[in-house]
Amino acid sequence: MDKAIGRLRRLPEITCVFPKTLGEALSLLKKHKGAARPFAGGTDLLTKMKRREVVPKLLVDLKRVRDLSYIKYDKKSGLRIGAATTLAEILESRIARKHCPILVEAVSQMASPQIRNTGTIGGNLCNAVPSADTAPPLIAAGAHLKLVGLNRKARTVSAEDFFKGPNKTVLGPIELLSEIQIPPASSHSSGTYLKHTLRREMDLAIVGVATHLTVDSKKDACKDVRIVLGAVAPVPMRAKNAEGALRGKIISDELIEKAAEIASKESKPIDDIRGSAEYRKEMVRVLTKRTLKKCVGT
Ligand SMILES: Cc1cc2nc3c(=O)[nH]c(=O)nc-3n(C[C@H](O)[C@H](O)[C@H](O)COP(=O)(O)OP(=O)(O)OC[C@H]3O[C@@H](n4cnc5c(N)ncnc54)[C@H](O)[C@@H]3O)c2cc1C
């Protein structure tokens, strides 16, 4: 075994190509199947290459592809974000802040200005680490992802079904994530994302919790809720038992405590360098409770 694996080394020699359209990018991935890799900001990929975890021969740069970097909103489709949009562009976008504040809240807790200027939302999702910060808020907001293959053949999957395991997604070898689609929020709904890290910035989540709550204004009851946990399972997971405990009920402090306890029980964390499973379960309880309280404004 190569003892240098795991340590950061100089980048190997590599060719980078700069397609102008999605079709061109996909043709290049087809032509160099197995040897080529999509490349957006490189903030995840270059580190993996330096560790020799992946050694592509060709990088297909997506940053110059037309129509892959935008933030748009219309009443029918909701918010649409191009996959190559940088985290900084999302953070600065008034449209994103207005129509998906939970995503902007998550991005504001990510990395440093330098990394946010380069890293993209598409890269964060496609890299598919369990602690990816944009995943829980997007799943909580009911987002869908548009995937495009050869001949512009497109399909849409829910953000929830996109992840298959650590570093694994439903993307085929010649397929790219092109757009993140977030439906218009229903009235009387609110969402929030809280992340627990050891350091305030530049740290991956030990636990992240995104909660999106819709209340029935007349009854003061929970009409719908999505609680999504990050970094406590191989993929971002919905705390469905906790959601079930809340749905249709009048929201009280006791009910919030109960739902947070259930979310903690259904999380499936592991022990690792950033925290023990036991500690993570406790943090799921604490953060779920805090997100629910924040959503109801108490
Ligand atoms: C110092 C530092 C701090 C960080 N802090 C955080 C943090 O707080 N939270 C967090 O979640 N992450 C963090 N990250 C990780 C990283 O910055 C983000 O995941 C970033 O969003 C990745 O985007 P990128 O454009 O750089 O992806 P890249 O590195 O370019 O790509 C990542 C992967 O996605 C694939 N890919 C990229 N775009 C597409 C596409 N459109 N279609 C198909 N495949 C695609 C690439 O082939 C690659 O496998 C940090 C990284 C560093 C170096």
# chains A, B, ... in the order shown; residues from 1 in each chain; ligands from 1
call {"tool": "residues_around", "arguments": {"residues": "region 77-85 of chain A", "least_positions_apart": "6", "cutoff": "8 Å", "atoms": "only C-alpha atoms", "output": "PDB file with C-alpha atoms, in the first residue's frame"}}
result
ATOM      1  CA  ALA A  40     -16.398  23.300 -10.171  1.00  0.00           C
ATOM      2  CA  LEU A  62     -17.864  23.776 -15.218  1.00  0.00           C
ATOM      3  CA  LYS A  63     -17.316  27.389 -14.205  1.00  0.00           C
ATOM      4  CA  ASP A  67     -26.247  29.055 -17.900  1.00  0.00           C
ATOM      5  CA  LEU A  68     -24.908  27.074 -14.983  1.00  0.00           C
ATOM      6  CA  SER A  69     -24.520  29.991 -12.605  1.00  0.00           C
ATOM      7  CA  TYR A  70     -27.669  31.946 -11.710  1.00  0.00           C
ATOM      8  CA  ILE A  71     -30.266  32.594  -9.012  1.00  0.00           C
ATOM      9  CA  ALA A  96     -32.131  33.654  -2.201  1.00  0.00           C
ATOM     10  CA  HIS A  99     -37.188  32.876  -0.943  1.00  0.00           C
ATOM     11  CA  CYS A 100     -34.987  30.348   0.859  1.00  0.00           C
ATOM     12  CA  THR A 120     -20.227  25.944  -5.418  1.00  0.00           C
ATOM     13  CA  ILE A 121     -23.563  24.634  -4.236  1.00  0.00           C
ATOM     14  CA  GLY A 122     -23.406  21.872  -6.873  1.00  0.00           C
ATOM     15  CA  GLY A 123     -19.966  20.777  -5.663  1.00  0.00           C
ATOM     16  CA  LEU A 177     -26.222  18.324 -11.685  1.00  0.00           C
ATOM     17  CA  SER A 178     -27.459  21.441 -13.466  1.00  0.00           C
ATOM     18  CA  GLU A 179     -30.033  23.107 -11.212  1.00  0.00           C
ATOM     19  CA  ILE A 180     -31.376  23.188  -7.664  1.00  0.00           C
ATOM     20  CA  GLN A 181     -35.136  23.843  -7.574  1.00  0.00           C
ATOM     21  CA  ILE A 182     -36.785  25.044  -4.378  1.00  0.00           C
ATOM     22  CA  PRO A 183     -40.600  25.274  -4.380  1.00  0.00           C
ATOM     23  CA  PRO A 184     -42.300  28.464  -3.169  1.00  0.00           C
TER      24      PRO A 184
END
call {"tool": "residues_near_ligand", "arguments": {"ligand": "ligand 1", "cutoff": "8 Å", "atoms": "only C-alpha atoms and all ligand atoms", "output": "number ranges by chain"}}
result
A: 37-47, 62, 83-84, 86-87, 107, 109-112, 115-116, 118-129, 131-134, 147, 167, 171, 175-178, 201-205
call {"tool": "residues_around", "arguments": {"residues": "Arg152 (chain A)", "least_positions_apart": "6", "cutoff": "10 Å", "atoms": "only C-alpha atoms", "output": "compact mmCIF listing (two decimals) with all heavy atoms, in the first residue's frame"}}
result
# COMPACT_ATOMS: atom_id res chain seq x y z
N LEU A 22 -23.21 22.88 -21.64
CA LEU A 22 -23.43 21.64 -20.91
C LEU A 22 -23.22 20.44 -21.83
O LEU A 22 -22.61 19.42 -21.44
CB LEU A 22 -24.87 21.65 -20.37
CG LEU A 22 -25.17 21.02 -19.03
CD1 LEU A 22 -24.20 21.42 -17.96
CD2 LEU A 22 -26.59 21.35 -18.62
N GLY A 23 -23.69 20.56 -23.08
CA GLY A 23 -23.54 19.49 -24.06
C GLY A 23 -22.07 19.16 -24.28
O GLY A 23 -21.67 17.98 -24.30
N LEU A 26 -20.63 17.35 -21.27
CA LEU A 26 -21.05 15.95 -21.20
C LEU A 26 -20.35 15.11 -22.26
O LEU A 26 -19.96 13.96 -22.00
CB LEU A 26 -22.58 15.88 -21.36
CG LEU A 26 -23.33 16.39 -20.12
CD1 LEU A 26 -24.75 16.80 -20.46
CD2 LEU A 26 -23.34 15.32 -19.02
N GLU A 175 -23.34 12.30 -16.35
CA GLU A 175 -24.50 13.08 -15.93
C GLU A 175 -24.01 14.19 -15.01
O GLU A 175 -23.09 13.98 -14.23
CB GLU A 175 -25.48 12.16 -15.18
CG GLU A 175 -26.88 12.71 -15.08
CD GLU A 175 -27.87 11.67 -14.58
OE1 GLU A 175 -27.52 10.85 -13.72
OE2 GLU A 175 -29.02 11.69 -15.04
call {"tool": "closest_residue", "arguments": {"among": "A:Arg64, A:Arg94, A:His212, A:Lys223", "to": "Pro136 (chain A)", "atoms": "only C-alpha atoms"}}
result
A:His212
call {"tool": "residues_around", "arguments": {"residues": "Ser252 (chain A)", "least_positions_apart": "4", "cutoff": "10 Å", "atoms": "only C-alpha atoms", "output": "list in words"}}
result
Asp220, Ala221, Leu246, Ile256, Glu257, Lys258, Lys293, Val296 and Thr298 of chain A
call {"tool": "residues_around", "arguments": {"residues": "Lys33 (chain A)", "least_positions_apart": "6", "cutoff": "12 Å", "atoms": "only C-alpha atoms", "output": "list of chain:residue names"}}
result
A:Ala25, A:Leu26, A:Ser27, A:Pro56, A:Lys57, A:Leu58, A:Leu59, A:Val60, A:Gly172, A:Pro173, A:Ile174, A:Glu175
call {"tool": "select_by_dssp", "arguments": {"residues": "region 70-208 of chain A", "states": "strand (DSSP E or B)", "output": "VMD selection string"}}
result
chain A and resid 71 to 74 78 to 82 86 120 144 to 149 154 to 158 163 to 165 168 to 169 175 to 182 189 to 196 207 to 208
call {"tool": "atom_distance", "arguments": {"atom1": "CA of Pro113 (chain A)", "atom2": "CA of Ala135 (chain A)"}}
result
19.7 Å
call {"tool": "select_by_dssp", "arguments": {"residues": "region 65-197 of chain A", "states": "helix (DSSP H, G or I)", "output": "PyMOL selection string"}}
result
chain A and resi 87-92+94-99+101-108+113-118+121-127+135-140+150-152+159-162
call {"tool": "closest_residue", "arguments": {"among": "A:Gly208, A:Gly248, A:Gly191, A:Pro130", "to": "Arg226 (chain A)", "atoms": "only C-alpha atoms"}}
result
A:Gly191
call {"tool": "closest_residue", "arguments": {"among": "A:Val65, A:Met237, A:Leu198, A:Val54", "to": "Pro137 (chain A)", "atoms": "only C-alpha atoms"}}
result
A:Met237
